[in-house]
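Visitor: Got my_file02.txt for you, compact mmCIF, C-alpha atoms:
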# COMPACT_ATOMS: atom_id res chain seq x y z
CA MET A 884 -22.31 90.39 13.35
CA GLU A 885 -23.24 88.46 10.21
CA PRO A 886 -25.36 85.30 10.17
CA ILE A 887 -24.03 82.07 8.71
CA THR A 888 -25.62 81.62 5.28
CA THR A 889 -23.44 79.02 3.51
CA SER A 890 -22.83 75.32 3.97
CA GLU A 891 -19.05 75.90 4.04
CA GLU A 892 -19.25 78.43 6.89
CA LEU A 893 -21.54 76.17 8.89
CA ALA A 894 -19.32 73.11 8.42
CA ALA A 895 -16.27 75.07 9.61
CA VAL A 896 -18.08 76.42 12.69
CA CYS A 897 -19.42 72.99 13.64
CA GLU A 898 -15.97 71.46 13.29
CA ARG A 899 -14.61 74.00 15.78
CA MET A 900 -17.56 73.57 18.15
CA ALA A 901 -17.24 69.79 18.17
CA LYS A 902 -13.99 70.17 20.13
CA HIS A 903 -15.80 71.70 23.11
CA ARG A 904 -17.40 70.02 26.12
CA TYR A 905 -20.75 71.73 25.62
CA VAL A 906 -22.69 73.83 23.10
CA THR A 907 -25.64 76.03 24.04
CA VAL A 908 -28.49 75.90 21.50
CA ASP A 909 -31.66 77.84 20.76
CA THR A 910 -33.98 78.10 17.76
CA GLU A 911 -36.42 80.60 16.31
CA PHE A 912 -39.24 79.02 14.37
CA LEU A 913 -42.72 79.55 12.98
CA ARG A 914 -45.54 77.09 13.57
CA GLU A 915 -48.76 79.10 13.59
CA THR A 916 -49.59 78.25 9.97
CA THR A 917 -47.98 74.83 9.56
CA TYR A 918 -48.14 71.32 11.03
CA TYR A 919 -44.37 70.99 11.12
CA PRO A 920 -42.51 73.88 12.78
CA LEU A 921 -40.51 75.88 10.23
CA LEU A 922 -36.94 76.45 11.44
CA CYS A 923 -35.92 80.04 10.62
CA VAL A 924 -32.82 80.63 12.73
CA ALA A 925 -30.59 78.48 14.93
CA GLN A 926 -28.18 79.89 17.50
CA MET A 927 -25.21 78.03 18.98
CA ALA A 928 -22.44 79.03 21.36
CA THR A 929 -19.38 77.49 22.99
CA ALA A 930 -17.18 78.98 25.69
CA ASP A 931 -15.41 81.18 23.13
CA GLU A 932 -17.72 81.55 20.13
CA ALA A 933 -21.37 82.35 19.34
CA VAL A 934 -23.09 82.16 15.95
CA VAL A 935 -26.49 82.65 14.33
CA VAL A 936 -27.34 80.26 11.50
CA ASP A 937 -29.78 81.43 8.83
CA ALA A 938 -31.67 78.17 8.32
CA LEU A 939 -33.65 79.70 5.44
CA ALA A 940 -30.55 80.76 3.46
CA PRO A 941 -30.84 79.40 -0.12
CA GLY A 942 -28.96 76.12 -0.58
CA ILE A 943 -27.59 75.88 2.97
CA ASP A 944 -26.94 72.30 4.12
CA LEU A 945 -27.75 71.95 7.82
CA ALA A 946 -26.23 68.44 8.10
CA PRO A 947 -23.11 69.64 10.03
CA MET A 948 -25.38 71.24 12.64
CA PHE A 949 -27.43 68.05 13.00
CA ASP A 950 -24.16 66.11 13.33
CA ILE A 951 -22.94 68.20 16.26
CA LEU A 952 -26.38 68.00 17.89
CA THR A 953 -26.03 64.21 17.94
CA ASN A 954 -22.30 64.15 18.78
CA GLU A 955 -22.02 62.03 21.94
CA ASN A 956 -18.92 63.91 23.11
CA VAL A 957 -20.66 67.30 23.28
CA VAL A 958 -23.42 68.19 25.73
CA LYS A 959 -26.18 70.23 24.07
CA VAL A 960 -27.66 72.80 26.43
CA PHE A 961 -31.24 74.02 25.88
CA HIS A 962 -33.86 75.85 27.92
CA ALA A 963 -37.23 74.06 27.62
CA ALA A 964 -35.77 71.69 25.04
CA ARG A 965 -38.86 69.89 23.78
CA GLN A 966 -39.78 72.16 20.86
CA ASP A 967 -36.17 72.54 19.75
CA ILE A 968 -35.71 68.77 19.75
CA GLU A 969 -39.00 68.29 17.90
CA ILE A 970 -37.70 70.50 15.08
CA VAL A 971 -34.51 68.45 14.73
CA TRP A 972 -36.52 65.22 14.81
CA ASN A 973 -38.88 66.43 12.08
CA MET A 974 -36.10 67.78 9.84
CA ALA A 975 -33.38 65.17 10.30
CA GLY A 976 -35.02 62.17 11.95
CA LYS A 977 -32.44 62.50 14.76
CA ILE A 978 -32.64 63.31 18.46
CA PRO A 979 -30.02 65.65 20.01
CA HIS A 980 -28.02 63.72 22.63
CA PRO A 981 -26.67 64.09 25.27
CA ILE A 982 -28.66 67.12 26.39
CA PHE A 983 -29.05 69.35 29.43
CA ASP A 984 -32.32 71.26 29.91
CA THR A 985 -31.83 74.30 32.14
CA GLN A 986 -35.56 74.57 32.85
CA VAL A 987 -35.64 71.05 34.32
CA ALA A 988 -32.40 71.67 36.23
CA ALA A 989 -33.84 74.91 37.64
CA MET A 990 -36.92 73.06 38.94
CA VAL A 991 -34.75 70.39 40.55
CA LEU A 992 -32.77 73.16 42.26
CA GLY A 993 -35.84 75.02 43.54
CA TYR A 994 -36.09 77.97 41.16
CA GLY A 995 -39.84 77.40 40.81
CA ASP A 996 -42.24 75.56 38.49
CA SER A 997 -41.40 75.92 34.79
CA ILE A 998 -39.42 79.13 35.29
CA SER A 999 -39.11 81.29 32.18
CA TYR A 1000 -35.74 81.82 30.53
CA ASP A 1001 -35.83 85.58 31.18
CA GLN A 1002 -36.44 85.06 34.90
CA LEU A 1003 -33.73 82.43 35.17
CA VAL A 1004 -31.15 84.63 33.43
CA GLN A 1005 -32.00 87.54 35.71
CA ARG A 1006 -31.76 85.46 38.87
CA ILE A 1007 -28.43 83.87 37.93
CA THR A 1008 -26.63 86.63 36.04
CA GLY A 1009 -28.50 89.76 37.10
CA ASP A 1010 -28.97 90.72 33.43
CA GLN A 1011 -32.29 91.89 32.01
CA LEU A 1012 -32.93 90.33 28.60
CA ASP A 1013 -34.31 92.42 25.75
CA LYS A 1014 -37.76 90.98 24.94
CA SER A 1015 -38.60 93.35 22.06
CA HIS A 1016 -37.92 90.78 19.32
CA ARG A 1017 -39.66 87.84 20.96
CA PHE A 1018 -42.57 87.99 18.52
CA THR A 1019 -40.62 89.21 15.50
CA ASP A 1020 -41.14 87.66 12.06
CA TRP A 1021 -38.12 85.38 11.72
CA THR A 1022 -39.01 84.45 8.13
CA ARG A 1023 -38.27 87.95 6.76
CA ARG A 1024 -34.90 88.64 5.19
CA PRO A 1025 -32.50 90.27 5.64
CA LEU A 1026 -32.27 89.71 9.39
CA SER A 1027 -31.72 93.02 11.17
CA ASP A 1028 -28.76 93.73 13.45
CA ALA A 1029 -31.19 93.98 16.37
CA GLN A 1030 -32.61 90.54 15.57
CA LEU A 1031 -29.14 89.02 15.43
CA VAL A 1032 -28.12 90.60 18.74
CA TYR A 1033 -31.33 89.33 20.35
CA ALA A 1034 -30.83 85.83 18.93
CA VAL A 1035 -27.20 85.45 19.95
CA SER A 1036 -27.76 86.86 23.46
CA ASP A 1037 -30.02 83.90 24.22
CA VAL A 1038 -27.21 81.37 23.79
CA THR A 1039 -24.47 83.49 25.36
CA HIS A 1040 -26.51 83.97 28.54
CA LEU A 1041 -27.36 80.28 28.44
CA ARG A 1042 -23.66 79.49 28.94
CA ASP A 1043 -23.64 81.28 32.32
CA VAL A 1044 -26.94 79.71 33.35
CA TYR A 1045 -25.73 76.20 32.44
CA LEU A 1046 -22.40 76.48 34.26
CA LYS A 1047 -24.08 77.77 37.43
CA LEU A 1048 -26.84 75.12 37.44
CA ASP A 1049 -24.44 72.29 36.59
CA GLU A 1050 -22.15 73.33 39.44
CA ASP A 1051 -25.07 73.45 41.90
CA LEU A 1052 -26.34 70.04 40.77
CA GLN A 1053 -22.93 68.50 41.37
CA LYS A 1054 -22.63 70.13 44.81
CA ARG A 1055 -26.06 68.92 45.88
CA GLY A 1056 -25.73 65.46 44.33
CA ARG A 1057 -28.70 65.91 42.01
CA ALA A 1058 -27.12 65.54 38.58
CA ASN A 1059 -28.71 62.09 38.20
CA TRP A 1060 -32.15 63.60 38.91
CA VAL A 1061 -31.83 65.75 35.79
CA SER A 1062 -30.37 62.86 33.77
CA ALA A 1063 -33.51 60.80 34.44
CA GLU A 1064 -35.68 63.58 33.00
CA MET A 1065 -33.44 63.88 29.94
CA ASP A 1066 -34.18 60.24 29.06
CA VAL A 1067 -37.81 61.18 28.33
CA LEU A 1068 -36.82 64.27 26.34
CA THR A 1069 -34.43 62.27 24.17
CA SER A 1070 -36.79 59.37 23.45
CA PRO A 1071 -38.11 59.24 19.84
CA ASP A 1072 -41.48 58.10 21.25
CA THR A 1073 -41.88 61.60 22.73
CA TYR A 1074 -41.90 63.11 19.22
CA ARG A 1075 -43.46 60.50 16.94
CA ALA A 1076 -46.77 61.81 15.60
CA ASP A 1077 -48.37 58.43 14.87
CA PRO A 1078 -51.86 59.03 13.39
CA GLU A 1079 -53.16 55.84 15.04
CA ARG A 1080 -52.34 57.30 18.46
CA ALA A 1081 -53.51 60.86 17.75
CA TRP A 1082 -56.70 60.26 19.76
CA GLU A 1083 -54.66 59.97 22.98
CA ARG A 1084 -53.92 63.70 23.05
CA LEU A 1085 -57.63 64.60 22.88
CA LYS A 1086 -59.71 65.36 25.94
CA SER A 1087 -62.95 63.69 24.96
CA ARG A 1088 -66.07 62.50 26.68
CA VAL A 1089 -66.29 59.13 24.89
CA ARG A 1090 -67.54 56.30 27.06
CA LYS A 1091 -68.67 53.50 24.75
CA PRO A 1092 -66.46 51.24 22.59
CA LYS A 1093 -68.16 52.44 19.40
CA GLU A 1094 -67.47 56.07 20.32
CA LEU A 1095 -63.84 55.29 21.02
CA ALA A 1096 -63.52 53.46 17.69
CA VAL A 1097 -64.89 56.46 15.78
CA LEU A 1098 -62.70 58.85 17.78
CA ILE A 1099 -59.58 56.84 16.87
CA GLU A 1100 -60.47 56.83 13.14
CA ILE A 1101 -61.38 60.54 12.94
CA ALA A 1102 -58.34 61.64 14.93
CA ALA A 1103 -56.09 59.51 12.69
CA TRP A 1104 -57.71 60.98 9.56
CA ARG A 1105 -57.15 64.53 10.83
CA GLU A 1106 -53.52 63.80 11.73
CA ARG A 1107 -52.75 62.39 8.27
CA GLU A 1108 -54.56 65.28 6.59
CA ALA A 1109 -52.69 67.90 8.66
CA GLN A 1110 -49.37 66.18 7.97
CA SER A 1111 -49.93 65.86 4.21
CA ARG A 1112 -51.11 69.48 3.86
CA ASP A 1113 -48.61 70.77 6.46
CA VAL A 1114 -51.24 72.80 8.28
CA PRO A 1115 -52.13 72.96 12.00
CA ARG A 1116 -54.55 70.26 13.19
CA SER A 1117 -57.17 72.85 14.11
CA ARG A 1118 -57.12 74.13 10.51
CA VAL A 1119 -58.39 70.71 9.40
CA LEU A 1120 -60.85 70.03 12.21
CA LYS A 1121 -61.15 71.44 15.73
CA ASP A 1122 -60.87 69.11 18.74
CA GLU A 1123 -64.46 69.70 19.89
CA VAL A 1124 -65.78 68.71 16.44
CA ILE A 1125 -63.90 65.41 16.63
CA GLY A 1126 -65.55 64.75 20.00
CA ASP A 1127 -69.00 65.48 18.58
CA ILE A 1128 -68.42 63.22 15.58
CA ALA A 1129 -67.26 60.40 17.87
CA VAL A 1130 -70.43 60.59 19.97
CA GLN A 1131 -72.91 61.19 17.12
CA ALA A 1132 -71.21 58.82 14.62
CA PRO A 1133 -72.79 60.28 11.46
CA THR A 1134 -72.57 57.63 8.71
CA THR A 1135 -74.15 59.79 5.99
CA ILE A 1136 -73.34 63.24 4.58
CA GLU A 1137 -76.81 64.40 5.66
CA ARG A 1138 -76.29 63.39 9.29
CA LEU A 1139 -72.82 64.94 9.28
CA GLY A 1140 -74.39 68.22 8.15
CA HIS A 1141 -76.63 68.23 11.25
CA LEU A 1142 -73.67 68.65 13.60
CA ARG A 1143 -73.78 72.19 14.98
CA SER A 1144 -70.06 72.28 15.73
CA LEU A 1145 -69.15 71.68 12.07
CA PRO A 1146 -68.77 74.76 9.80
CA LYS A 1147 -71.81 75.23 7.56
CA GLY A 1148 -71.41 73.47 4.23
CA PHE A 1149 -68.35 71.51 5.38
CA GLU A 1150 -70.14 68.21 4.84
CA ARG A 1151 -70.39 68.93 1.09
CA SER A 1152 -66.61 69.25 0.70
CA ARG A 1153 -64.36 66.32 -0.22
CA TRP A 1154 -63.41 66.16 3.45
CA GLY A 1155 -67.03 65.52 4.36
CA GLU A 1156 -66.99 62.27 2.41
CA GLN A 1157 -63.66 61.26 3.94
CA ILE A 1158 -64.99 61.89 7.45
CA VAL A 1159 -68.10 59.79 6.80
CA GLU A 1160 -65.87 56.97 5.50
CA ALA A 1161 -63.73 57.23 8.65
CA VAL A 1162 -66.86 57.09 10.82
CA LYS A 1163 -67.99 53.95 8.99
CA ARG A 1164 -64.58 52.32 9.58
CA GLY A 1165 -64.94 53.11 13.28
CA VAL A 1166 -68.50 51.76 13.54
CA GLU A 1167 -67.47 48.53 11.81
CA ARG A 1168 -64.36 48.02 13.91
CA ASP A 1169 -64.17 44.93 16.11
CA PRO A 1170 -64.35 46.15 19.76
CA LYS A 1171 -61.71 43.54 20.67
CA THR A 1172 -59.11 45.49 18.66
CA LEU A 1173 -59.67 48.68 20.66
CA PRO A 1174 -57.29 49.89 23.37
CA ARG A 1175 -58.67 49.64 26.88
CA LEU A 1176 -59.91 52.88 28.35
CA GLU A 1177 -58.43 52.86 31.82
CA ARG A 1178 -60.96 54.49 34.08
CA PHE A 1179 -59.29 55.85 37.16
CA ARG A 1180 -61.36 55.18 40.27
CA PRO A 1181 -60.56 57.54 43.14
CA ALA A 1182 -60.22 55.96 46.56
CA ALA A 1183 -63.30 56.05 48.77
CA ASN A 1184 -62.92 59.13 50.99
CA GLY A 1185 -59.63 59.75 49.17
CA GLY A 1186 -60.13 63.51 49.09
CA ALA A 1187 -58.88 64.00 52.64
CA THR A 1188 -55.84 61.79 51.95
CA VAL A 1189 -54.98 63.82 48.87
CA GLU A 1190 -55.19 67.05 50.87
CA LEU A 1191 -52.74 65.62 53.42
CA LEU A 1192 -50.44 64.47 50.62
CA LYS A 1193 -50.50 68.00 49.18
CA VAL A 1194 -49.28 69.37 52.50
CA LEU A 1195 -46.53 66.73 52.62
CA LEU A 1196 -45.54 67.55 49.04
CA ARG A 1197 -45.32 71.27 49.74
CA MET A 1198 -43.33 70.64 52.90
CA THR A 1199 -40.95 68.28 51.07
CA ALA A 1200 -40.47 70.75 48.21
CA GLU A 1201 -39.69 73.66 50.54
CA LYS A 1202 -37.38 71.63 52.77
CA ASN A 1203 -35.33 70.29 49.83
CA GLY A 1204 -35.46 73.33 47.57
CA VAL A 1205 -37.20 71.52 44.71
CA ALA A 1206 -40.21 72.68 42.68
CA ALA A 1207 -43.25 70.69 43.87
CA LYS A 1208 -44.36 70.15 40.27
CA VAL A 1209 -41.22 68.18 39.41
CA ILE A 1210 -41.68 65.86 42.42
CA ALA A 1211 -45.35 65.00 41.95
CA THR A 1212 -48.51 66.23 40.23
CA VAL A 1213 -51.99 66.36 41.74
CA ASP A 1214 -52.81 63.45 39.41
CA ASP A 1215 -49.95 61.48 41.02
CA LEU A 1216 -51.38 62.20 44.47
CA ASP A 1217 -54.85 61.01 43.41
CA HIS A 1218 -53.37 57.73 42.20
CA ILE A 1219 -51.22 57.25 45.31
CA ALA A 1220 -54.28 57.80 47.50
CA ALA A 1221 -56.07 55.05 45.57
CA ASP A 1222 -53.24 52.54 45.09
CA ASP A 1223 -49.96 51.84 46.89
CA GLU A 1224 -48.55 50.37 43.65
CA ALA A 1225 -49.67 53.22 41.40
CA ASP A 1226 -47.62 53.55 38.21
CA VAL A 1227 -46.65 57.19 38.72
CA PRO A 1228 -43.25 58.95 38.65
CA ALA A 1229 -43.64 59.97 42.31
CA LEU A 1230 -43.25 56.32 43.34
CA LYS A 1231 -40.10 55.74 41.30
CA GLY A 1232 -36.40 56.61 41.52
CA TRP A 1233 -35.28 59.72 43.36
CA ARG A 1234 -38.86 60.95 43.70
CA ARG A 1235 -39.79 57.89 45.74
CA GLU A 1236 -36.75 58.36 47.93
CA LEU A 1237 -37.55 62.03 48.46
CA PHE A 1238 -41.35 61.88 48.70
CA GLY A 1239 -43.05 58.65 47.60
CA ASP A 1240 -42.11 56.47 50.58
CA LYS A 1241 -43.17 59.22 53.01
CA ALA A 1242 -46.45 59.62 51.10
CA LEU A 1243 -47.24 55.92 51.58
CA ALA A 1244 -46.22 56.10 55.24
CA LEU A 1245 -48.54 59.08 55.74
CA LYS A 1246 -51.37 57.28 53.96
CA HIS A 1247 -51.02 54.27 56.29
CA GLY A 1248 -50.70 56.22 59.51
CA LYS A 1249 -46.98 55.56 60.00
CA LEU A 1250 -46.17 59.23 59.55
CA ALA A 1251 -47.92 62.25 61.01
CA LEU A 1252 -47.84 65.94 60.14
CA ALA A 1253 -47.48 68.50 62.87
CA VAL A 1254 -46.77 72.20 63.22
CA GLU A 1255 -43.63 73.20 65.08
CA LYS A 1256 -42.55 76.84 65.40
CA GLY A 1257 -44.87 77.82 62.58
CA LYS A 1258 -43.60 75.14 60.17
CA VAL A 1259 -45.16 71.86 59.07
CA VAL A 1260 -42.97 68.90 59.99
CA ALA A 1261 -43.27 65.14 59.50
CA VAL A 1262 -43.25 63.01 62.61
CA GLU A 1263 -42.68 59.26 62.50
CA LYS A 1264 -45.21 57.51 64.69
CA ASP A 1265 -43.97 55.14 67.35
CA GLU A 1266 -45.36 51.73 66.40
CA THR A 1267 -44.82 50.39 69.93
CA ALA A 1268 -46.82 53.09 71.60
In structure tokens, write the structure found in this file.
Guide:
Amino acid sequence: MEPITTSEELAAVCERMAKHRYVTVDTEFLRETTYYPLLCVAQMATADEAVVVDALAPGIDLAPMFDILTNENVVKVFHAARQDIEIVWNMAGKIPHPIFDTQVAAMVLGYGDSISYDQLVQRITGDQLDKSHRFTDWTRRPLSDAQLVYAVSDVTHLRDVYLKLDEDLQKRGRANWVSAEMDVLTSPDTYRADPERAWERLKSRVRKPKELAVLIEIAAWREREAQSRDVPRSRVLKDEVIGDIAVQAPTTIERLGHLRSLPKGFERSRWGEQIVEAVKRGVERDPKTLPRLERFRPAANGGATVELLKVLLRMTAEKNGVAAKVIATVDDLDHIAADDEADVPALKGWRRELFGDKALALKHGKLALAVEKGKVVAVEKDETA
């Protein structure tokens, strides 16, 4: 097969595909050396056609592809959609919609936590996917026949996976469970890389308002620098260095140079001066303008409650054929143990119906766990007894 390399070919293909109920989509990209992922190849398939688009072909206009990805009459099917959607958002400022993520659907149907595409294909179709080109260099041209076969097989197998999962969801009345998850995946807020909020993705040990202020400024500086130079964040400054700068708050080049985590001589570069200026902005910031650091306080003796909730979660997952991870996280359980009104997914929507209400009942002694015939079961306690 030949890849699509011209705008005319792509427009014609997308016009045909727009008449179908669904399109399966996958991308091959490079992001090891850049801030923004570089789209190299895009694959799309309908019930009767499959194509590979050379996104690096000189002069190709990808607008028709972005149009079909946002066509409300066509469901876009991905596996682990987040990175694919991020690419479209960065390139076109658009979010594919409506979408169906087979990884999420597989978790809802009990195929396990975050099942890989290869495993899912094998379990549903019995086919063994060729993995030999997984780490191939998709920027090199021309694309080989083997690369094209590998690329297109992803979206052709995805058709079978989608149809099977969609059918099972309808049979088991869980289509709306997946729809709720798709709302998060198709929200622009999921993909906006706002420098002022870059600090939120860092695991830091800051405790004091001044440290938080410096952390916010340094993280924002790094984000803007990485974006403007189109390099990975770690190429500008590693996470642990940002944490050290936040705690030490060096307001001079000399003090910055004393940080062990910073590469030797870094403080004398133009970035050294910019970091010191960012630190000063943080130190001078009014604490009232800072976001509140919500400190989670575990419930007194909550450890035992959490362990019981874990058993209930596992039991619920096994009984209903749902991956435990998609029902509740350990973090959710910690919060439920501490607060009946915790703002966690496990106490909302279908998760509450399936697990959350039982979790609260167990916490308050209205539900007991017992072992019957080698299986853990939930037993409602008789309030009149």
Visitor: Extract, using only C-alpha atoms, all DNA, RNA and protein residues at most 10 Å from segment 1108-1111 of chain A, discarding same-chain residues fewer than 3 positions from it, and format them as a CSV table (one decimal) with C-alpha atoms, in the coordinates of the input.
Guide:
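Output contents, as saved in around15.csv:
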chain,number,residue,atom,x,y,z
A,917,THR,CA,-48.0,74.8,9.6
A,918,TYR,CA,-48.1,71.3,11.0
A,919,TYR,CA,-44.4,71.0,11.1
A,1076,ALA,CA,-46.8,61.8,15.6
A,1078,PRO,CA,-51.9,59.0,13.4
A,1102,ALA,CA,-58.3,61.6,14.9
A,1103,ALA,CA,-56.1,59.5,12.7
A,1104,TRP,CA,-57.7,61.0,9.6
A,1105,ARG,CA,-57.2,64.5,10.8
A,1114,VAL,CA,-51.2,72.8,8.3
A,1115,PRO,CA,-52.1,73.0,12.0
A,1116,ARG,CA,-54.6,70.3,13.2
A,1117,SER,CA,-57.2,72.8,14.1
A,1118,ARG,CA,-57.1,74.1,10.5
A,1119,VAL,CA,-58.4,70.7,9.4
A,1120,LEU,CA,-60.8,70.0,12.2
A,1154,TRP,CA,-63.4,66.2,3.4
Visitor: Point out the residue among A:Thr1019, A:Thr1069, A:Gln1131, A:Gln1053 with the least atom-to-atom distance to Leu913 of chain A, counting all atoms listed in the file.
Guide: A:Thr1019
Visitor: Please determine, counting only C-alpha atoms, which residue among A:Ala1206, A:Val1227, A:Ala1244, A:Met1065 has the shortest atom-to-atom distance to Gly995 of chain A.
Guide: A:Ala1206
Visitor: Env of segment 948-962 of chain A: 7 Å cut, atoms = only C-alpha atoms, seq-sep filter 3 positions within chain, self excluded. Answer as a list in words.
Guide: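 My list of contacting residues is Cys897, Ala901, His903, Arg904, Tyr905, Val906, Thr907, Val908, Asp909, Leu945, Ile978, Pro979, His980, Pro981, Ile982, Phe983, Asp984, Thr985, Gln986 and Tyr1000 of chain A.
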Visitor: I'd like the interatomic distance between atom CA of Pro1181 of chain A and atom CA of Leu1230 of chain A, to a tenth of an Å.
Guide: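 So the answer is 17.4 Å.
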